[in-house]
>>> print(open('query-v1.txt').read())   # compact mmCIF, C-alpha atoms
# COMPACT_ATOMS: atom_id res chain seq x y z
CA MET X 3 85.69 85.26 118.93
CA ILE X 4 85.67 87.99 121.57
CA PRO X 5 86.48 91.23 119.71
CA ARG X 6 85.65 93.43 122.69
CA PHE X 7 89.24 93.90 123.85
CA LEU X 8 90.87 94.51 120.48
CA SER X 9 91.92 98.09 119.85
CA ASP X 10 93.98 97.87 116.71
CA VAL X 11 94.02 95.45 113.79
CA THR X 12 96.57 95.75 110.99
CA ILE X 13 96.20 93.42 108.05
CA LYS X 14 98.27 93.25 104.93
CA PHE X 15 97.92 90.53 102.32
CA ASN X 16 98.10 89.59 98.70
CA PRO X 17 94.72 88.03 97.89
CA PHE X 18 96.23 85.96 95.10
CA SER X 19 98.52 84.10 97.46
CA ARG X 20 97.22 80.98 99.20
CA LYS X 21 98.80 82.07 102.45
CA ALA X 22 96.54 85.11 102.72
CA LYS X 23 93.49 83.04 103.56
CA THR X 24 93.80 83.31 107.34
CA ALA X 25 94.24 87.07 107.26
CA ARG X 26 91.26 87.52 104.97
CA ILE X 27 88.97 85.30 106.99
CA PHE X 28 90.01 87.02 110.20
CA LEU X 29 88.73 90.21 108.63
CA SER X 30 85.41 88.56 107.87
CA ILE X 31 84.78 87.31 111.42
CA LEU X 32 85.01 90.76 112.94
CA PRO X 33 81.55 92.04 113.89
CA PRO X 34 79.61 94.49 111.68
CA ASN X 35 80.34 97.44 113.94
CA ALA X 36 84.03 96.59 114.33
CA ARG X 37 85.12 99.82 112.63
CA GLN X 38 83.49 101.88 115.35
CA LEU X 39 85.05 99.82 118.16
CA MET X 40 88.63 99.48 116.93
CA LYS X 41 91.05 100.78 114.39
CA ILE X 42 91.27 98.52 111.36
CA SER X 43 93.72 99.10 108.57
CA VAL X 44 93.79 96.82 105.56
CA THR X 45 96.43 96.93 102.85
CA GLN X 46 96.23 94.88 99.70
CA LEU X 47 99.36 93.91 97.82
CA PRO X 48 99.44 93.42 94.05
CA SER X 49 99.23 89.84 92.81
CA SER X 50 102.88 89.74 91.78
CA SER X 51 104.23 90.63 95.21
CA THR X 52 105.83 87.96 97.35
CA GLU X 53 105.68 89.93 100.59
CA LYS X 54 104.58 88.01 103.64
CA PRO X 55 101.03 88.57 104.88
CA ILE X 56 100.74 90.46 108.14
CA LEU X 57 98.14 90.14 110.91
CA ASP X 58 98.96 92.37 113.87
CA LEU X 59 96.59 92.82 116.78
CA LYS X 60 96.70 95.23 119.68
CA PHE X 61 94.63 94.76 122.79
CA LYS X 62 93.18 97.41 125.05
CA ASP X 63 95.65 96.57 127.80
CA GLY X 64 98.48 97.35 125.38
CA LYS X 65 99.46 93.79 124.51
CA ASP X 66 100.82 93.47 121.01
CA MET X 67 100.09 90.19 119.27
CA LYS X 68 101.83 89.43 116.01
CA ILE X 69 100.22 86.49 114.28
CA ASP X 70 101.76 84.69 111.36
CA PRO X 71 98.86 84.01 109.00
CA GLU X 72 101.03 81.82 106.80
CA THR X 73 101.33 79.02 109.31
CA MET X 74 98.28 79.44 111.51
CA LYS X 75 94.77 78.40 110.64
CA ILE X 76 91.90 80.68 111.50
CA LYS X 77 90.76 78.42 114.36
CA GLU X 78 94.15 78.64 116.00
CA VAL X 79 94.18 82.41 115.59
CA VAL X 80 90.77 82.68 117.23
CA GLU X 81 91.90 80.45 120.08
CA GLU X 82 94.99 82.58 120.62
CA VAL X 83 93.02 85.85 120.62
CA ASP X 84 90.31 84.46 122.87
CA ARG X 85 92.81 83.18 125.40
CA HIS X 86 94.03 86.70 126.07
CA SER X 87 90.56 88.24 125.76
CA ARG X 88 89.16 85.88 128.39
CA MET X 89 91.92 86.91 130.77
CA LEU X 90 91.06 90.55 130.23
CA ALA X 91 87.35 89.79 130.68
CA ARG X 92 88.03 88.05 133.99
CA ALA X 93 90.15 90.95 135.22
CA GLU X 94 87.36 93.33 134.27
CA ASP X 95 84.78 91.25 136.09
CA LEU X 96 86.89 91.10 139.23
CA SER X 97 87.60 94.83 139.27
CA SER X 98 83.97 95.79 138.64
CA GLY X 99 82.49 93.27 141.08
CA MET W 26 16.54 25.66 85.51
CA PRO W 27 19.30 27.92 84.17
CA PRO W 28 19.96 31.20 85.98
CA HIS W 29 18.00 34.03 84.67
CA VAL W 30 20.25 36.63 83.20
CA ARG W 31 18.79 39.73 81.85
CA LEU W 32 20.13 40.46 78.47
CA ARG W 33 21.10 44.03 77.79
CA PRO W 34 21.59 44.91 74.16
CA GLN W 35 24.19 47.61 75.15
CA GLN W 36 26.51 44.95 76.52
CA LEU W 37 26.49 43.07 73.29
CA CYS W 38 28.06 45.76 71.16
CA ILE W 39 31.82 46.04 71.61
CA ARG W 40 32.77 49.42 72.84
CA GLN W 41 36.26 50.67 72.22
CA LYS W 42 37.71 52.47 75.17
CA PRO W 43 39.89 55.43 74.33
CA GLN W 44 43.46 54.19 74.38
CA VAL W 45 45.12 57.50 75.18
CA GLN W 46 44.58 58.92 78.60
CA GLN W 47 45.11 62.57 78.90
CA CYS W 48 47.61 63.55 81.54
CA ARG W 49 46.39 66.59 83.35
CA TYR W 50 49.50 67.41 85.32
CA ALA W 51 52.78 68.31 83.71
CA SER W 52 54.61 66.98 86.73
CA LEU W 53 53.10 63.54 86.26
CA ALA W 54 53.73 63.39 82.54
CA THR W 55 56.37 60.90 81.59
CA ALA W 56 58.60 61.42 78.66
CA THR W 57 58.67 57.74 77.78
CA THR W 58 57.14 56.91 74.50
CA PRO W 59 55.36 53.61 74.04
CA ALA W 60 57.53 51.02 72.36
CA PRO W 61 56.83 50.95 68.67
CA ALA W 62 55.84 47.81 66.83
CA ILE W 63 58.74 45.61 65.79
CA ASP W 64 58.31 46.22 62.10
CA LEU W 65 58.25 49.98 62.75
CA SER W 66 61.17 49.98 65.11
CA ILE W 67 63.55 48.64 62.53
CA GLN W 68 62.96 51.70 60.40
CA ILE W 69 63.35 54.17 63.25
CA SER W 70 66.90 55.39 63.40
CA THR W 71 66.90 57.45 66.59
CA PRO W 72 66.86 55.71 69.96
CA ILE W 73 63.98 56.09 72.32
CA GLN W 74 64.37 59.25 74.32
CA ARG W 75 63.91 58.57 77.97
CA PHE W 76 64.36 62.20 78.88
CA PRO W 77 63.08 65.38 77.32
CA PRO W 78 65.85 67.01 75.28
CA THR W 79 65.72 70.12 77.43
CA GLN W 80 66.11 68.15 80.66
CA PRO W 81 68.97 65.73 80.31
CA PRO W 82 69.62 63.57 83.37
CA SER W 83 71.85 65.20 85.94
CA TYR W 84 74.80 63.74 87.81
CA ARG W 85 74.39 66.15 90.68
CA GLN W 86 70.94 65.74 92.14
CA PRO W 87 68.81 68.47 90.60
CA GLN W 88 66.35 68.82 93.45
CA PHE W 89 68.99 70.33 95.70
CA ARG W 90 69.44 74.05 95.92
CA LYS W 91 73.20 73.71 95.59
CA SER W 92 72.86 71.96 92.22
CA GLN W 93 70.71 74.76 90.93
CA LEU W 94 73.13 77.35 92.30
CA HIS W 95 75.96 75.51 90.56
CA ARG W 96 74.03 75.72 87.31
CA GLN W 97 73.27 79.38 87.87
CA TYR W 98 76.90 80.27 88.62
CA ALA W 99 78.15 78.33 85.60
CA SER W 100 75.79 80.18 83.29
CA LEU W 101 76.74 83.47 84.96
CA LEU W 102 80.42 82.76 84.36
CA ARG W 103 79.83 81.78 80.75
CA SER W 104 77.64 84.75 79.90
CA THR W 105 79.37 87.56 81.77
CA PRO W 106 82.40 89.20 80.18
CA LEU W 107 83.40 91.19 83.25
CA ILE W 108 83.13 90.09 86.87
CA LEU W 109 84.53 91.93 89.86
CA ILE W 110 85.16 89.86 92.97
CA PHE W 111 84.69 91.51 96.35
CA GLN W 112 85.02 90.25 99.88
CA HIS W 113 82.20 91.42 102.12
CA ASN W 114 82.85 91.49 105.85
CA ASN W 115 79.58 91.33 107.78
CA LEU W 116 77.66 94.07 106.02
CA LYS W 117 74.24 94.86 107.41
CA SER W 118 71.20 94.79 105.18
CA ILE W 119 70.78 98.57 105.49
CA GLU W 120 74.32 99.01 104.23
CA TRP W 121 73.75 96.66 101.31
CA MET W 122 70.61 98.56 100.42
CA ALA W 123 72.34 101.93 100.57
CA ILE W 124 75.28 100.74 98.47
CA ARG W 125 73.00 99.18 95.87
CA ARG W 126 71.04 102.43 95.66
CA GLU W 127 74.18 104.53 95.19
CA LEU W 128 75.52 102.16 92.56
CA ALA W 129 72.25 102.15 90.60
CA GLU W 130 72.13 105.94 90.60
CA ALA W 131 75.73 106.28 89.44
CA LEU W 132 75.21 103.70 86.69
CA LYS W 133 72.08 105.42 85.44
CA LYS W 134 74.07 108.62 85.03
CA VAL W 135 76.72 106.75 83.01
CA ASP W 136 73.99 105.16 80.90
CA ALA W 137 72.52 108.56 80.12
CA ALA W 138 75.95 109.86 79.12
CA GLU W 139 76.96 106.84 77.05
CA GLY W 140 73.58 106.05 75.52
CA THR W 141 73.58 102.47 76.77
CA GLU W 142 71.14 100.53 78.91
CA TYR W 143 73.31 98.45 81.20
CA ALA W 144 72.31 99.92 84.56
CA ASP W 145 69.54 97.41 85.25
CA PHE W 146 71.77 94.47 84.41
CA ILE W 147 74.84 95.34 86.46
CA LYS W 148 74.18 93.43 89.63
CA MET W 149 75.75 92.59 92.94
CA ASN W 150 75.40 88.91 93.78
CA ILE W 151 76.41 87.43 97.09
CA ILE W 152 77.60 83.94 96.28
CA GLN W 153 78.13 80.64 98.00
CA THR W 154 81.89 80.45 97.72
CA GLY W 155 82.31 76.68 97.60
CA ILE W 156 79.66 76.14 94.96
CA PHE W 157 81.02 79.03 92.92
CA ALA W 158 84.50 77.50 93.06
CA ALA W 159 83.12 74.20 91.75
CA ALA W 160 81.18 75.94 88.98
CA LEU W 161 84.26 77.96 88.01
CA LYS W 162 86.25 74.75 87.63
CA VAL W 163 83.57 73.27 85.36
CA VAL W 164 83.48 76.41 83.24
CA GLU W 165 87.26 76.60 82.95
CA PHE W 166 88.16 72.96 82.42
CA PHE W 167 85.13 71.42 80.75
CA GLN W 168 84.46 72.45 77.19
CA THR W 169 81.28 71.03 75.76
CA ALA W 170 82.68 71.37 72.27
CA ARG W 171 85.35 68.83 73.14
CA ASN W 172 82.73 66.33 74.23
CA PRO W 173 80.19 66.37 71.42
CA LYS W 174 77.22 64.10 71.75
CA LYS W 175 77.74 60.74 70.17
CA GLU W 176 76.48 60.76 66.63
CA ALA W 177 76.00 57.02 66.34
CA LYS W 178 72.39 55.98 65.95
CA PRO W 179 71.95 52.56 67.47
CA HIS W 180 68.95 50.36 67.08
CA PRO W 181 66.37 51.26 69.73
CA GLY W 182 66.54 47.83 71.19
CA ASP W 183 70.32 48.04 71.56
CA ALA W 184 72.17 48.27 74.80
CA ALA W 185 73.27 51.80 73.90
CA ALA W 186 69.71 53.03 73.85
CA VAL W 187 69.12 51.48 77.23
CA ALA W 188 72.28 53.13 78.53
CA ASN W 189 70.71 56.41 77.52
CA THR W 190 68.57 56.21 80.62
CA ASP W 191 71.61 56.18 82.88
CA PRO W 192 72.19 59.64 84.32
CA ASN W 193 75.88 58.83 84.75
CA ALA W 194 76.34 58.19 81.05
CA SER W 195 79.26 60.20 79.73
CA ASP W 196 77.55 61.40 76.58
CA TYR W 197 75.76 64.21 78.35
CA SER W 198 77.61 67.45 78.11
CA HIS W 199 75.82 69.88 80.38
CA GLY W 200 77.38 71.49 83.41
CA LEU W 201 75.87 69.08 85.94
CA SER W 202 76.80 65.93 84.02
CA LYS W 203 79.25 63.25 85.06
CA ALA W 204 81.55 64.26 82.21
CA ALA W 205 81.69 67.82 83.52
CA TYR W 206 82.36 66.63 87.05
CA ASP W 207 85.16 64.36 85.88
CA ALA W 208 86.71 67.04 83.69
CA ALA W 209 86.70 69.55 86.55
CA ASN W 210 88.25 67.17 89.04
CA ALA W 211 90.53 65.15 86.76
CA ASN W 212 93.70 67.14 87.14
CA LYS W 213 94.42 68.82 90.44
CA ARG W 214 97.39 70.62 88.95
CA LEU W 215 95.31 72.61 86.49
CA LYS W 216 94.93 76.15 87.78
CA HIS W 217 92.50 78.80 86.71
CA GLY W 218 94.13 81.52 88.79
CA LEU W 219 91.30 82.28 91.20
CA GLU W 220 91.77 79.35 93.59
CA SER W 221 93.28 81.49 96.31
CA LEU W 222 90.36 83.91 96.17
CA MET W 223 87.81 81.18 96.65
CA ALA W 224 87.60 81.46 100.42
CA GLY W 225 85.62 83.58 102.79
CA PRO W 226 82.47 85.55 102.03
CA LEU W 227 82.46 86.73 98.44
CA MET W 228 80.32 89.05 96.38
CA LEU W 229 80.33 89.31 92.60
CA LEU W 230 79.60 92.37 90.58
CA THR W 231 78.62 91.22 87.12
CA MET W 232 78.54 93.40 84.02
CA PRO W 233 76.73 92.37 80.85
CA ALA W 234 79.27 94.03 78.56
CA MET W 235 82.86 95.16 78.62
CA SER W 236 82.31 98.82 79.33
CA PRO W 237 85.17 100.70 80.99
CA ALA W 238 82.94 103.72 81.55
CA HIS W 239 80.57 101.68 83.68
CA LEU W 240 83.46 99.97 85.40
CA LYS W 241 84.87 103.37 86.25
CA ALA W 242 81.56 104.37 87.86
CA VAL W 243 81.48 101.10 89.78
CA LEU W 244 85.03 101.57 91.06
CA THR W 245 84.42 105.16 92.16
CA ILE W 246 81.43 103.99 94.19
CA LEU W 247 82.56 100.63 95.53
CA SER W 248 86.31 101.02 95.94
CA PRO W 249 87.32 104.66 95.81
CA SER W 250 91.04 105.24 95.40
CA LYS W 251 93.42 107.88 94.10
CA ALA W 252 92.75 106.93 90.50
CA PHE W 253 89.02 106.73 91.09
CA PRO W 254 88.16 109.39 93.67
CA ALA W 255 84.80 109.13 95.41
CA PRO W 256 82.16 111.72 94.49
CA LYS W 257 82.38 114.93 96.51
CA ARG W 258 79.92 115.64 99.26
CA ARG W 259 78.57 118.61 97.32
CA THR W 260 77.80 116.67 94.15
CA ASN W 261 76.50 113.51 95.78
CA PRO W 262 75.45 114.01 99.42
CA THR W 263 73.72 110.62 99.74
CA PHE W 264 77.02 108.86 99.07
CA HIS W 265 78.39 110.27 102.32
CA GLU W 266 75.61 108.89 104.50
CA PRO W 267 76.92 106.71 107.33
CA ALA W 268 75.17 103.59 106.01
CA VAL W 269 77.01 103.80 102.70
CA GLN W 270 80.36 104.73 104.20
CA ASN W 271 80.28 102.03 106.89
CA GLY W 272 79.33 99.47 104.27
CA LEU W 273 82.07 100.50 101.87
CA GLN W 274 84.70 100.17 104.58
CA LYS W 275 83.79 96.52 104.80
CA LEU W 276 83.82 95.82 101.07
CA LEU W 277 87.16 94.76 99.67
CA LEU W 278 87.84 94.51 95.96
CA LEU W 279 90.01 91.43 95.49
CA GLY W 280 90.22 90.90 91.77
CA ALA W 281 88.46 90.73 88.45
CA ARG W 282 87.77 88.21 85.74
CA ALA W 283 87.51 89.86 82.35
CA GLU W 284 86.78 87.70 79.30
CA GLY W 285 88.30 84.64 80.96
CA ARG W 286 91.45 86.42 82.15
CA ILE W 287 92.27 87.16 85.74
CA PHE W 288 93.19 90.64 86.94
CA ASP W 289 94.16 91.85 90.39
CA LEU W 290 93.10 95.14 91.93
CA GLU W 291 95.50 97.17 89.78
CA GLY W 292 94.43 95.29 86.67
CA ALA W 293 90.79 96.08 87.36
CA GLN W 294 91.67 99.74 87.80
CA TRP W 295 93.59 99.65 84.56
CA ILE W 296 90.52 98.37 82.69
CA GLY W 297 88.41 101.07 84.33
CA GLY W 298 90.93 103.68 83.24
CA LEU W 299 90.73 102.90 79.52
CA GLU W 300 89.55 106.12 77.91
CA GLY W 301 86.46 105.80 75.77
CA GLY W 302 86.18 102.07 76.21
CA ILE W 303 86.28 99.62 73.34
CA THR W 304 85.37 102.27 70.78
CA GLY W 305 88.14 104.48 72.09
CA LEU W 306 90.62 101.63 71.75
CA ARG W 307 89.39 100.93 68.24
CA GLN W 308 89.82 104.58 67.29
CA GLN W 309 93.34 104.55 68.65
CA LEU W 310 94.08 101.40 66.68
CA VAL W 311 92.63 102.89 63.49
CA ALA W 312 94.71 106.05 64.01
CA ILE W 313 97.86 103.97 64.50
CA LEU W 314 97.14 101.88 61.42
CA GLU W 315 96.34 104.94 59.34
CA GLY W 316 99.54 106.65 60.45
CA PHE W 317 101.43 103.48 59.63
CA GLY W 318 99.82 103.36 56.17
CA VAL W 319 100.73 106.95 55.44
CA ASN W 320 104.28 106.31 56.58
CA LEU W 321 104.47 103.21 54.43
CA THR W 322 103.26 104.97 51.29
CA ASP W 323 105.68 107.81 52.00
CA THR W 324 108.56 105.36 52.33
CA LEU W 325 107.62 103.48 49.21
CA GLU W 326 107.13 106.66 47.24
CA ALA W 327 110.37 108.15 48.47
CA ALA W 328 112.60 105.94 46.29
CA SER W 329 110.66 106.59 43.10
CA LYS W 330 110.30 110.27 43.93
CA SER W 331 114.00 110.70 44.50
CA LEU W 332 114.71 108.82 41.26
CA TYR W 333 112.23 111.04 39.44
CA PHE W 334 113.83 114.16 40.85
CA ALA W 335 117.31 112.88 40.02
CA VAL W 336 116.28 112.14 36.46
CA GLU W 337 114.51 115.46 36.15
CA ILE W 338 117.53 117.36 37.44
CA ARG W 339 119.80 115.43 35.15
CA ARG W 340 117.52 116.13 32.20
CA SER W 341 117.40 119.84 32.96
CA VAL W 342 121.17 119.83 33.33
CA LEU W 343 121.55 118.04 30.04
CA GLU W 344 119.12 120.39 28.33
CA GLU W 345 121.01 123.36 29.66
CA GLU W 346 124.25 121.86 28.45
CA GLU W 347 122.78 121.19 25.00
CA LYS W 348 121.25 124.65 24.58
CA PRO W 349 124.45 126.65 24.61
CA LYS W 350 125.96 124.13 22.17
CA ASP W 351 123.02 124.58 19.85
CA ASP W 352 123.37 128.33 20.14
CA LYS W 353 127.05 128.07 19.33
CA ALA W 354 126.30 125.76 16.43
CA ASP W 355 123.74 128.22 15.14
CA GLU W 356 126.18 131.05 15.51
CA SER W 357 128.92 129.14 13.69
CA SER W 358 126.60 128.15 10.84
CA SER W 359 125.27 131.70 10.43
CA SER W 360 128.75 133.14 10.42
>>> encode(input="query-v1.txt", output="structure tokens")
Amino acid sequence: MIPRFLSDVTIKFNPFSRKAKTARIFLSILPPNARQLMKISVTQLPSSSTEKPILDLKFKDGKDMKIDPETMKIKEVVEEVDRHSRMLARAEDLSSG
Amino acid sequence: MPPHVRLRPQQLCIRQKPQVQQCRYASLATATTPAPAIDLSIQISTPIQRFPPTQPPSYRQPQFRKSQLHRQYASLLRSTPLILIFQHNNLKSIEWMAIRRELAEALKKVDAAEGTEYADFIKMNIIQTGIFAAALKVVEFFQTARNPKKEAKPHPGDAAAVANTDPNASDYSHGLSKAAYDAANANKRLKHGLESLMAGPLMLLTMPAMSPAHLKAVLTILSPSKAFPAPKRRTNPTFHEPAVQNGLQKLLLLGARAEGRIFDLEGAQWIGGLEGGITGLRQQLVAILEGFGVNLTDTLEAASKSLYFAVEIRRSVLEEEEKPKDDKADESSSS
């Protein structure tokens, strides 16, 4: 995954629900220094709550990406994020070169 | 002319070669015993042991690291009353080191205050999630007591004794046996409550005893919250080093398993918040029971006491009523 263009990650999940897996694994594929590069806020719900898990991303160009971790697998999420990140990377390359 | 053979007197005497060869290497030693003579074997009641009793044959191949990890996790789960489950998100080794150091220091302080020696045995283990999930299933759904070893003692020549050599035989009851594997995978609907946690990178914090005081120290260090505030910079400056703080941001307490029961984050904090631990709870219980006893004796006494008082009052009333009569009678007789 290309985490370079992420500026804001908001995650909310109940670890005891099966649907939280994508959100949790997304958290684990962020690089070790992710906290210095972007704003990450994690909220854990109690095991009895039936609230939907949330995975909201914000990119540096201001794009807001709301991902539904219930239906999407982690591979699909990574694909989705990378698609936009590659576009931003190309724009950066063109402007700098 | 016959061939000339030199006769050696040494060759004439029959020398007995030693029958038993000493095996120098433990790894080459076989556990098979030589088959006893037929007349002996009829008297022997136990079958021939093809495996040492401490090394029963394994269904999962024992030479693999994952089998040994499975065994290790199963024994950890059976022997540990309190396990905290954390998710670790790409911590660096420096951060792990710093967190371990802070935790050890905090636990030593608790040990000194409580008079226990748990600090060296409270450990952080990074686990292989898939293998741990399998081991957890075996621990939860396979009880060795339910599958006792067969007590029948067949004749050593019987088919049963031969079957003893089969590692897939169902009469083995250890965690890596076929019986354990079958029991763990028999019913997909059986739930132990931690299935949803068994994904992603996990870390276990294991405690050798149920000690809320130690748990409180662990929670203040590893997952500071309102109920368990982190130590102040003045009292514990090393806790506020960047290595520790960056590491703690990436540690996420997911749940706990205490004496076979599953707790979420709030449940874990509740256990940590128990004042005085087990002894404190016992004292509270004793106080409640004592209070109850006193109440009970009071209630039981109350009826008899009130009866006693009623009778006493009545008696005094009667006595008072009789006295004036007696006085009057005396007066009338004297006059």
>>> closest_residue(input="query-v1.txt", among="W:Arg33, W:Lys117, W:Arg96, W:Lys91", to="chain X", atoms="all atoms listed in the file")
W:Lys117
>>> residues_around(input="query-v1.txt", residues="region 55-63 of chain X", least_positions_apart="6", cutoff="10 Å", atoms="all atoms listed in the file", output="MDAnalysis selection string")
chainID X and resid 5:17 19 21:26 28:29 40:42 44:47 69:72 79 83 86:87 90
>>> interface_residues(input="query-v1.txt", of="chain X", to="chain W", cutoff="6 Å", atoms="all atoms listed in the file", output="PyMOL selection string")
chain X and resi 18-20+27+30+34+49
>>> residues_around(input="query-v1.txt", residues="region 251-254 of chain W", least_positions_apart="6", cutoff="10 Å", atoms="all atoms listed in the file", output="PDB file with C-alpha atoms, in the frame of the given file")
ATOM      1  CA  LYS W 241      84.870 103.370  86.250  1.00  0.00           C
ATOM      2  CA  ALA W 242      81.560 104.370  87.860  1.00  0.00           C
ATOM      3  CA  VAL W 243      81.480 101.100  89.780  1.00  0.00           C
ATOM      4  CA  LEU W 244      85.030 101.570  91.060  1.00  0.00           C
ATOM      5  CA  THR W 245      84.420 105.160  92.160  1.00  0.00           C
ATOM      6  CA  GLN W 294      91.670  99.740  87.800  1.00  0.00           C
ATOM      7  CA  TRP W 295      93.590  99.650  84.560  1.00  0.00           C
ATOM      8  CA  GLY W 297      88.410 101.070  84.330  1.00  0.00           C
ATOM      9  CA  GLY W 298      90.930 103.680  83.240  1.00  0.00           C
TER      10      GLY W 298
END
>>> atom_distance(input="query-v1.txt", atom1="CA of Leu321 (chain W)", atom2="CA of Arg307 (chain W)")
20.6 Å
>>> residues_around(input="query-v1.txt", residues="Thr263 (chain W)", least_positions_apart="4", cutoff="9 Å", atoms="only C-alpha atoms", output="PyMOL selection string")
chain W and resi 123+127+258+269
>>> atom_distance(input="query-v1.txt", atom1="CA of Leu230 (chain W)", atom2="CA of Pro48 (chain X)")
20.2 Å
>>> residues_around(input="query-v1.txt", residues="Ala209 (chain W)", least_positions_apart="2", cutoff="6 Å", atoms="all atoms listed in the file", output="JSON, numbers by chain")
{"W": [162, 163, 166, 206, 207, 211]}
>>> atom_distance(input="query-v1.txt", atom1="CA of Lys330 (chain W)", atom2="CA of Leu314 (chain W)")
23.4 Å
>>> residues_near_point(input="query-v1.txt", point="(80.2, 109.1, 102.8)", cutoff="12 Å", atoms="all atoms listed in the file", output="PyMOL selection string")
chain W and resi 120+123-124+127+246-247+249+255-274
>>> residues_around(input="query-v1.txt", residues="Tyr98 (chain W)", least_positions_apart="6", cutoff="8 Å", atoms="only C-alpha atoms", output="list of chain:residue names")
W:Phe157, W:Ala160, W:Leu161
